[in-house]
Amino acid sequence: MSQIHKSLQGQLLLDGGKLTGSFFHRSVVLICKHDAEGAFGLILNRSSDSNVGQSLVANLSETVKAQPLFVGGPVQPGALSFLHTDALVLQANVMPNLSLGHSLDTLMDLSESFSNSQKLKLFAGYSGWTAGQLDQEMARKDWLVHPASIDLVFYPEPGQLWKQILREKGGKNWLLAESPEDLSWN
């Protein structure tokens, strides 16, 4: 009997306290694609400490160049990905009103017409799982699942996103959010 695959596309995965010492410690990952072939996601709460203009040589607006650059994950750290939304994104490919892009030409087009109604988040690298790998991690309960929203993807204090979601989830998750980075400090 074959196992039915449940896609996590459009969901957030949070370190549930089992990833201490790994690249994903206290991370919030938006799953952009998840099918039988594997999964692709972007870490929403890890800044690279530089902005897009410092890291990418392209003809972009000053507004886009000033955007912080995030570390999407450990895979291909030189690969560009970006999430964007607007009042209405007809061809959304991650979840309603949110699209994922990788093309510098598309980014330049977005930059050219960038307005106050748009939101954009850029990433270097990504998080990737081979076929069945994420499903195994889910079976081990390595990750907590939380519904994604545009507000959470573009949360104004990304460094606090992991704690904020855990606090909202309540119960033992609240205790995890309030635990020190290093448990030996307890």
# chains A, B, ... in the order shown; residues from 1 in each chain; ligands from 1
call {"tool": "residues_around", "arguments": {"residues": "A:Gln67", "least_positions_apart": "4", "cutoff": "12 Å", "atoms": "only C-alpha atoms", "output": "PDB file with N, CA, C and O atoms, in the first residue's frame"}}
result
ATOM      1  N   SER A  47      18.526  36.987   8.161  1.00  0.00           N
ATOM      2  CA  SER A  47      19.104  38.066   7.360  1.00  0.00           C
ATOM      3  C   SER A  47      20.570  37.769   7.059  1.00  0.00           C
ATOM      4  O   SER A  47      21.256  37.146   7.859  1.00  0.00           O
ATOM      5  N   SER A  48      21.024  38.244   5.921  1.00  0.00           N
ATOM      6  CA  SER A  48      22.435  38.070   5.555  1.00  0.00           C
ATOM      7  C   SER A  48      23.293  39.222   6.064  1.00  0.00           C
ATOM      8  O   SER A  48      24.491  39.235   5.861  1.00  0.00           O
ATOM      9  N   ASP A  49      22.681  40.198   6.699  1.00  0.00           N
ATOM     10  CA  ASP A  49      23.359  41.409   7.181  1.00  0.00           C
ATOM     11  C   ASP A  49      23.871  42.291   6.049  1.00  0.00           C
ATOM     12  O   ASP A  49      24.745  43.118   6.252  1.00  0.00           O
ATOM     13  N   SER A  50      23.347  42.103   4.849  1.00  0.00           N
ATOM     14  CA  SER A  50      23.640  43.030   3.754  1.00  0.00           C
ATOM     15  C   SER A  50      22.343  43.280   3.003  1.00  0.00           C
ATOM     16  O   SER A  50      21.355  42.575   3.196  1.00  0.00           O
ATOM     17  N   ASN A  51      22.374  44.298   2.155  1.00  0.00           N
ATOM     18  CA  ASN A  51      21.173  44.567   1.378  1.00  0.00           C
ATOM     19  C   ASN A  51      21.375  44.116  -0.071  1.00  0.00           C
ATOM     20  O   ASN A  51      22.482  43.741  -0.469  1.00  0.00           O
ATOM     21  N   VAL A  52      20.315  44.173  -0.827  1.00  0.00           N
ATOM     22  CA  VAL A  52      20.334  43.678  -2.204  1.00  0.00           C
ATOM     23  C   VAL A  52      21.370  44.428  -3.037  1.00  0.00           C
ATOM     24  O   VAL A  52      22.124  43.824  -3.793  1.00  0.00           O
ATOM     25  N   GLY A  53      21.441  45.750  -2.880  1.00  0.00           N
ATOM     26  CA  GLY A  53      22.380  46.563  -3.656  1.00  0.00           C
ATOM     27  C   GLY A  53      23.838  46.218  -3.397  1.00  0.00           C
ATOM     28  O   GLY A  53      24.683  46.350  -4.277  1.00  0.00           O
ATOM     29  N   GLN A  54      24.146  45.754  -2.189  1.00  0.00           N
ATOM     30  CA  GLN A  54      25.515  45.357  -1.858  1.00  0.00           C
ATOM     31  C   GLN A  54      25.858  43.990  -2.439  1.00  0.00           C
ATOM     32  O   GLN A  54      27.024  43.662  -2.593  1.00  0.00           O
ATOM     33  N   SER A  55      24.861  43.191  -2.736  1.00  0.00           N
ATOM     34  CA  SER A  55      25.091  41.804  -3.125  1.00  0.00           C
ATOM     35  C   SER A  55      24.790  41.487  -4.581  1.00  0.00           C
ATOM     36  O   SER A  55      25.225  40.462  -5.083  1.00  0.00           O
ATOM     37  N   LEU A  56      24.053  42.340  -5.242  1.00  0.00           N
ATOM     38  CA  LEU A  56      23.599  42.042  -6.591  1.00  0.00           C
ATOM     39  C   LEU A  56      23.883  43.218  -7.501  1.00  0.00           C
ATOM     40  O   LEU A  56      23.445  44.342  -7.227  1.00  0.00           O
ATOM     41  N   LEU A  60      18.572  48.031 -10.743  1.00  0.00           N
ATOM     42  CA  LEU A  60      17.397  47.957  -9.884  1.00  0.00           C
ATOM     43  C   LEU A  60      17.119  49.325  -9.277  1.00  0.00           C
ATOM     44  O   LEU A  60      18.030  50.135  -9.114  1.00  0.00           O
ATOM     45  N   SER A  61      15.864  49.564  -8.903  1.00  0.00           N
ATOM     46  CA  SER A  61      15.513  50.825  -8.260  1.00  0.00           C
ATOM     47  C   SER A  61      16.207  50.914  -6.900  1.00  0.00           C
ATOM     48  O   SER A  61      16.575  49.903  -6.303  1.00  0.00           O
ATOM     49  N   GLU A  62      16.356  52.126  -6.410  1.00  0.00           N
ATOM     50  CA  GLU A  62      16.991  52.328  -5.105  1.00  0.00           C
ATOM     51  C   GLU A  62      16.181  51.657  -3.996  1.00  0.00           C
ATOM     52  O   GLU A  62      16.749  51.139  -3.036  1.00  0.00           O
ATOM     53  N   THR A  63      14.873  51.647  -4.143  1.00  0.00           N
ATOM     54  CA  THR A  63      14.004  51.001  -3.149  1.00  0.00           C
ATOM     55  C   THR A  63      14.310  49.510  -3.057  1.00  0.00           C
ATOM     56  O   THR A  63      14.416  48.952  -1.963  1.00  0.00           O
ATOM     57  N   PHE A  82      13.229  35.172  -5.055  1.00  0.00           N
ATOM     58  CA  PHE A  82      12.500  36.270  -4.438  1.00  0.00           C
ATOM     59  C   PHE A  82      11.021  35.947  -4.373  1.00  0.00           C
ATOM     60  O   PHE A  82      10.485  35.198  -5.184  1.00  0.00           O
ATOM     61  N   SER A 111      11.227  45.703 -10.293  1.00  0.00           N
ATOM     62  CA  SER A 111      11.903  46.877  -9.755  1.00  0.00           C
ATOM     63  C   SER A 111      11.497  48.141 -10.513  1.00  0.00           C
ATOM     64  O   SER A 111      11.294  49.198  -9.907  1.00  0.00           O
ATOM     65  N   LYS A 119       5.191  44.199  -2.152  1.00  0.00           N
ATOM     66  CA  LYS A 119       6.173  43.755  -1.170  1.00  0.00           C
ATOM     67  C   LYS A 119       7.086  42.765  -1.871  1.00  0.00           C
ATOM     68  O   LYS A 119       6.645  41.982  -2.716  1.00  0.00           O
ATOM     69  N   LEU A 120       8.343  42.812  -1.488  1.00  0.00           N
ATOM     70  CA  LEU A 120       9.365  42.000  -2.135  1.00  0.00           C
ATOM     71  C   LEU A 120      10.356  41.540  -1.077  1.00  0.00           C
ATOM     72  O   LEU A 120      10.733  42.308  -0.188  1.00  0.00           O
ATOM     73  N   LYS A 121      10.752  40.267  -1.158  1.00  0.00           N
ATOM     74  CA  LYS A 121      11.745  39.725  -0.229  1.00  0.00           C
ATOM     75  C   LYS A 121      12.704  38.883  -1.059  1.00  0.00           C
ATOM     76  O   LYS A 121      12.274  37.979  -1.772  1.00  0.00           O
ATOM     77  N   LEU A 122      14.001  39.195  -0.963  1.00  0.00           N
ATOM     78  CA  LEU A 122      15.011  38.533  -1.772  1.00  0.00           C
ATOM     79  C   LEU A 122      15.892  37.623  -0.935  1.00  0.00           C
ATOM     80  O   LEU A 122      16.199  37.941   0.219  1.00  0.00           O
ATOM     81  N   PHE A 123      16.327  36.518  -1.563  1.00  0.00           N
ATOM     82  CA  PHE A 123      17.074  35.471  -0.872  1.00  0.00           C
ATOM     83  C   PHE A 123      18.278  35.018  -1.672  1.00  0.00           C
ATOM     84  O   PHE A 123      18.211  34.900  -2.896  1.00  0.00           O
ATOM     85  N   PHE A 154       6.078  38.572   5.150  1.00  0.00           N
ATOM     86  CA  PHE A 154       6.698  39.898   5.145  1.00  0.00           C
ATOM     87  C   PHE A 154       6.655  40.534   6.544  1.00  0.00           C
ATOM     88  O   PHE A 154       6.526  41.746   6.684  1.00  0.00           O
TER      89      PHE A 154
END
call {"tool": "select_by_dssp", "arguments": {"residues": "chain A", "states": "strand (DSSP E)", "output": "tab-separated table (two decimals) with N, CA and C atoms, in the first residue's frame"}}
result
chain	number	residue	atom	x	y	z
A	11	GLN	N	2.85	26.43	3.34
A	11	GLN	CA	2.87	26.31	4.80
A	11	GLN	C	4.22	26.78	5.34
A	12	LEU	N	4.24	27.12	6.61
A	12	LEU	CA	5.49	27.46	7.29
A	12	LEU	C	5.93	26.27	8.12
A	13	LEU	N	7.22	25.99	8.08
A	13	LEU	CA	7.81	24.99	8.96
A	13	LEU	C	8.67	25.72	9.97
A	14	LEU	N	8.50	25.38	11.23
A	14	LEU	CA	9.27	25.99	12.31
A	14	LEU	C	10.07	24.93	13.02
A	15	ASP	N	11.29	25.29	13.38
A	15	ASP	CA	12.09	24.41	14.23
A	15	ASP	C	11.27	24.18	15.50
A	28	VAL	N	12.26	29.66	10.41
A	28	VAL	CA	10.91	29.61	9.87
A	28	VAL	C	11.07	29.50	8.36
A	29	VAL	N	10.62	28.39	7.79
A	29	VAL	CA	10.81	28.13	6.36
A	29	VAL	C	9.46	28.14	5.67
A	30	LEU	N	9.34	28.94	4.62
A	30	LEU	CA	8.14	28.91	3.78
A	30	LEU	C	8.36	27.83	2.72
A	31	ILE	N	7.47	26.84	2.67
A	31	ILE	CA	7.57	25.81	1.65
A	31	ILE	C	6.92	26.34	0.38
A	32	CYS	N	7.72	26.54	-0.64
A	32	CYS	CA	7.26	27.12	-1.91
A	32	CYS	C	6.81	26.05	-2.89
A	33	LYS	N	7.38	24.86	-2.75
A	33	LYS	CA	7.01	23.75	-3.63
A	33	LYS	C	7.25	22.46	-2.85
A	34	HIS	N	6.31	21.52	-2.96
A	34	HIS	CA	6.46	20.23	-2.30
A	34	HIS	C	5.62	19.22	-3.06
A	35	ASP	N	6.31	18.28	-3.66
A	35	ASP	CA	5.62	17.22	-4.40
A	35	ASP	C	6.40	15.92	-4.22
A	38	GLY	N	10.28	16.13	-4.27
A	38	GLY	CA	11.04	16.81	-3.23
A	38	GLY	C	10.37	18.11	-2.83
A	39	ALA	N	11.13	18.95	-2.15
A	39	ALA	CA	10.57	20.22	-1.65
A	39	ALA	C	11.60	21.33	-1.79
A	40	PHE	N	11.09	22.55	-1.92
A	40	PHE	CA	11.87	23.78	-2.05
A	40	PHE	C	11.28	24.79	-1.09
A	41	GLY	N	12.14	25.40	-0.26
A	41	GLY	CA	11.65	26.41	0.67
A	41	GLY	C	12.66	27.52	0.87
A	42	LEU	N	12.21	28.56	1.55
A	42	LEU	CA	13.05	29.72	1.84
A	42	LEU	C	12.92	30.08	3.32
A	43	ILE	N	14.05	30.27	3.98
A	43	ILE	CA	14.06	30.68	5.39
A	43	ILE	C	13.68	32.16	5.44
A	47	SER	N	18.53	36.99	8.16
A	47	SER	CA	19.10	38.07	7.36
A	47	SER	C	20.57	37.77	7.06
A	48	SER	N	21.02	38.24	5.92
A	48	SER	CA	22.44	38.07	5.56
A	48	SER	C	23.29	39.22	6.06
A	49	ASP	N	22.68	40.20	6.70
A	49	ASP	CA	23.36	41.41	7.18
A	49	ASP	C	23.87	42.29	6.05
A	50	SER	N	23.35	42.10	4.85
A	50	SER	CA	23.64	43.03	3.75
A	50	SER	C	22.34	43.28	3.00
A	51	ASN	N	22.37	44.30	2.15
A	51	ASN	CA	21.17	44.57	1.38
A	51	ASN	C	21.38	44.12	-0.07
A	68	PRO	N	16.66	44.33	2.50
A	68	PRO	CA	17.62	43.38	3.08
A	68	PRO	C	17.66	42.10	2.25
A	69	LEU	N	18.81	41.48	2.23
A	69	LEU	CA	18.97	40.19	1.56
A	69	LEU	C	18.93	39.11	2.62
A	70	PHE	N	18.12	38.09	2.39
A	70	PHE	CA	17.96	37.00	3.35
A	70	PHE	C	18.69	35.75	2.87
A	71	VAL	N	19.07	34.90	3.81
A	71	VAL	CA	19.68	33.61	3.50
A	71	VAL	C	18.52	32.62	3.42
A	75	VAL	N	21.53	25.56	0.48
A	75	VAL	CA	21.76	25.04	-0.87
A	75	VAL	C	22.03	26.19	-1.83
A	76	GLN	N	23.04	26.05	-2.66
A	76	GLN	CA	23.43	27.04	-3.67
A	76	GLN	C	23.36	28.48	-3.14
A	77	PRO	N	24.27	28.86	-2.24
A	77	PRO	CA	24.20	30.18	-1.62
A	77	PRO	C	24.29	31.34	-2.61
A	78	GLY	N	24.70	31.09	-3.83
A	78	GLY	CA	24.75	32.15	-4.83
A	78	GLY	C	23.49	32.25	-5.68
A	79	ALA	N	22.54	31.36	-5.47
A	79	ALA	CA	21.30	31.36	-6.25
A	79	ALA	C	20.35	32.43	-5.74
A	80	LEU	N	19.72	33.15	-6.66
A	80	LEU	CA	18.77	34.21	-6.33
A	80	LEU	C	17.34	33.67	-6.37
A	81	SER	N	16.58	33.98	-5.34
A	81	SER	CA	15.14	33.71	-5.32
A	81	SER	C	14.48	34.94	-4.70
A	82	PHE	N	13.23	35.17	-5.06
A	82	PHE	CA	12.50	36.27	-4.44
A	82	PHE	C	11.02	35.95	-4.37
A	83	LEU	N	10.40	36.48	-3.34
A	83	LEU	CA	8.96	36.38	-3.15
A	83	LEU	C	8.38	37.77	-3.36
A	84	HIS	N	7.24	37.84	-4.03
A	84	HIS	CA	6.62	39.16	-4.22
A	84	HIS	C	5.11	39.04	-4.18
A	85	THR	N	4.51	40.14	-3.73
A	85	THR	CA	3.06	40.23	-3.66
A	85	THR	C	2.65	41.64	-4.04
A	99	SER	N	3.96	35.09	-5.18
A	99	SER	CA	4.71	34.39	-6.23
A	99	SER	C	6.18	34.31	-5.89
A	100	LEU	N	6.78	33.25	-6.38
A	100	LEU	CA	8.21	32.99	-6.27
A	100	LEU	C	8.84	33.21	-7.63
A	101	GLY	N	9.98	33.90	-7.64
A	101	GLY	CA	10.71	34.10	-8.89
A	101	GLY	C	12.19	33.84	-8.68
A	119	LYS	N	5.19	44.20	-2.15
A	119	LYS	CA	6.17	43.75	-1.17
A	119	LYS	C	7.09	42.77	-1.87
A	120	LEU	N	8.34	42.81	-1.49
A	120	LEU	CA	9.36	42.00	-2.14
A	120	LEU	C	10.36	41.54	-1.08
A	121	LYS	N	10.75	40.27	-1.16
A	121	LYS	CA	11.74	39.73	-0.23
A	121	LYS	C	12.70	38.88	-1.06
A	122	LEU	N	14.00	39.19	-0.96
A	122	LEU	CA	15.01	38.53	-1.77
A	122	LEU	C	15.89	37.62	-0.94
A	123	PHE	N	16.33	36.52	-1.56
A	123	PHE	CA	17.07	35.47	-0.87
A	123	PHE	C	18.28	35.02	-1.67
A	124	ALA	N	19.34	34.72	-0.96
A	124	ALA	CA	20.51	34.04	-1.54
A	124	ALA	C	20.46	32.62	-0.99
A	125	GLY	N	20.48	31.64	-1.87
A	125	GLY	CA	20.40	30.25	-1.45
A	125	GLY	C	18.97	29.84	-1.17
A	126	TYR	N	18.80	28.55	-0.94
A	126	TYR	CA	17.47	28.02	-0.64
A	126	TYR	C	17.58	26.76	0.20
A	127	SER	N	16.44	26.30	0.65
A	127	SER	CA	16.35	25.06	1.42
A	127	SER	C	15.73	24.02	0.51
A	128	GLY	N	16.38	22.88	0.38
A	128	GLY	CA	15.88	21.86	-0.52
A	128	GLY	C	15.88	20.48	0.12
A	129	TRP	N	14.91	19.69	-0.26
A	129	TRP	CA	14.78	18.31	0.23
A	129	TRP	C	14.58	17.39	-0.96
A	130	THR	N	15.23	16.26	-0.95
A	130	THR	CA	15.05	15.26	-2.01
A	130	THR	C	13.72	14.54	-1.80
A	143	TRP	N	9.75	19.23	12.64
A	143	TRP	CA	9.19	20.53	12.29
A	143	TRP	C	7.78	20.69	12.86
A	144	LEU	N	7.45	21.92	13.19
A	144	LEU	CA	6.08	22.30	13.50
A	144	LEU	C	5.52	22.97	12.24
A	145	VAL	N	4.26	22.73	11.94
A	145	VAL	CA	3.63	23.33	10.76
A	145	VAL	C	2.70	24.45	11.21
A	146	HIS	N	2.75	25.55	10.46
A	146	HIS	CA	1.88	26.69	10.74
A	146	HIS	C	1.42	27.28	9.41
A	147	PRO	N	0.15	27.68	9.30
A	147	PRO	CA	-0.32	28.26	8.04
A	147	PRO	C	0.44	29.54	7.70
call {"tool": "closest_residue", "arguments": {"among": "A:Ser27, A:Gln160, A:Thr106, A:Ser7", "to": "A:Asn59", "atoms": "only C-alpha atoms"}}
result
A:Thr106
call {"tool": "select_by_dssp", "arguments": {"residues": "chain A", "states": "helix (DSSP H, G or I)", "output": "ChimeraX atom specification"}}
result
/A:52-55,62-65,104-112,133-139,150-153,158-169,172-178,183-185
call {"tool": "atom_distance", "arguments": {"atom1": "atom CA of A:Ala177", "atom2": "atom CA of A:Leu19"}}
result
13.8 Å
call {"tool": "closest_residue", "arguments": {"among": "A:Leu134, A:Phe23, A:Ser117, A:Glu37", "to": "A:Leu88", "atoms": "only C-alpha atoms"}}
result
A:Ser117
call {"tool": "atom_distance", "arguments": {"atom1": "atom CA of A:Asn173", "atom2": "atom CA of A:Gly16"}}
result
8.1 Å
call {"tool": "atom_distance", "arguments": {"atom1": "atom CA of A:His102", "atom2": "atom CA of A:Met138"}}
result
27.0 Å
call {"tool": "closest_residue", "arguments": {"among": "A:Lys172, A:Arg46, A:Arg140, A:Lys65", "to": "A:Gly159", "atoms": "only C-alpha atoms"}}
result
A:Arg46
call {"tool": "closest_residue", "arguments": {"among": "A:Leu44, A:Ala131, A:Val64, A:Val57", "to": "A:Leu110", "atoms": "only C-alpha atoms"}}
result
A:Val64
call {"tool": "residues_around", "arguments": {"residues": "A:Ile150", "least_positions_apart": "2", "cutoff": "9 Å", "atoms": "only C-alpha atoms", "output": "list of chain:residue names"}}
result
A:Thr85, A:Pro96, A:Asn97, A:Leu98, A:Ala148, A:Leu152, A:Val153, A:Phe154, A:Tyr155
call {"tool": "closest_residue", "arguments": {"among": "A:Pro74, A:Gly132, A:Pro180, A:Gly170", "to": "A:Phe24", "atoms": "only C-alpha atoms"}}
result
A:Pro74
call {"tool": "closest_residue", "arguments": {"among": "A:Met95, A:Leu175, A:Ala66, A:Leu104", "to": "A:Lys163", "atoms": "only C-alpha atoms"}}
result
A:Leu175
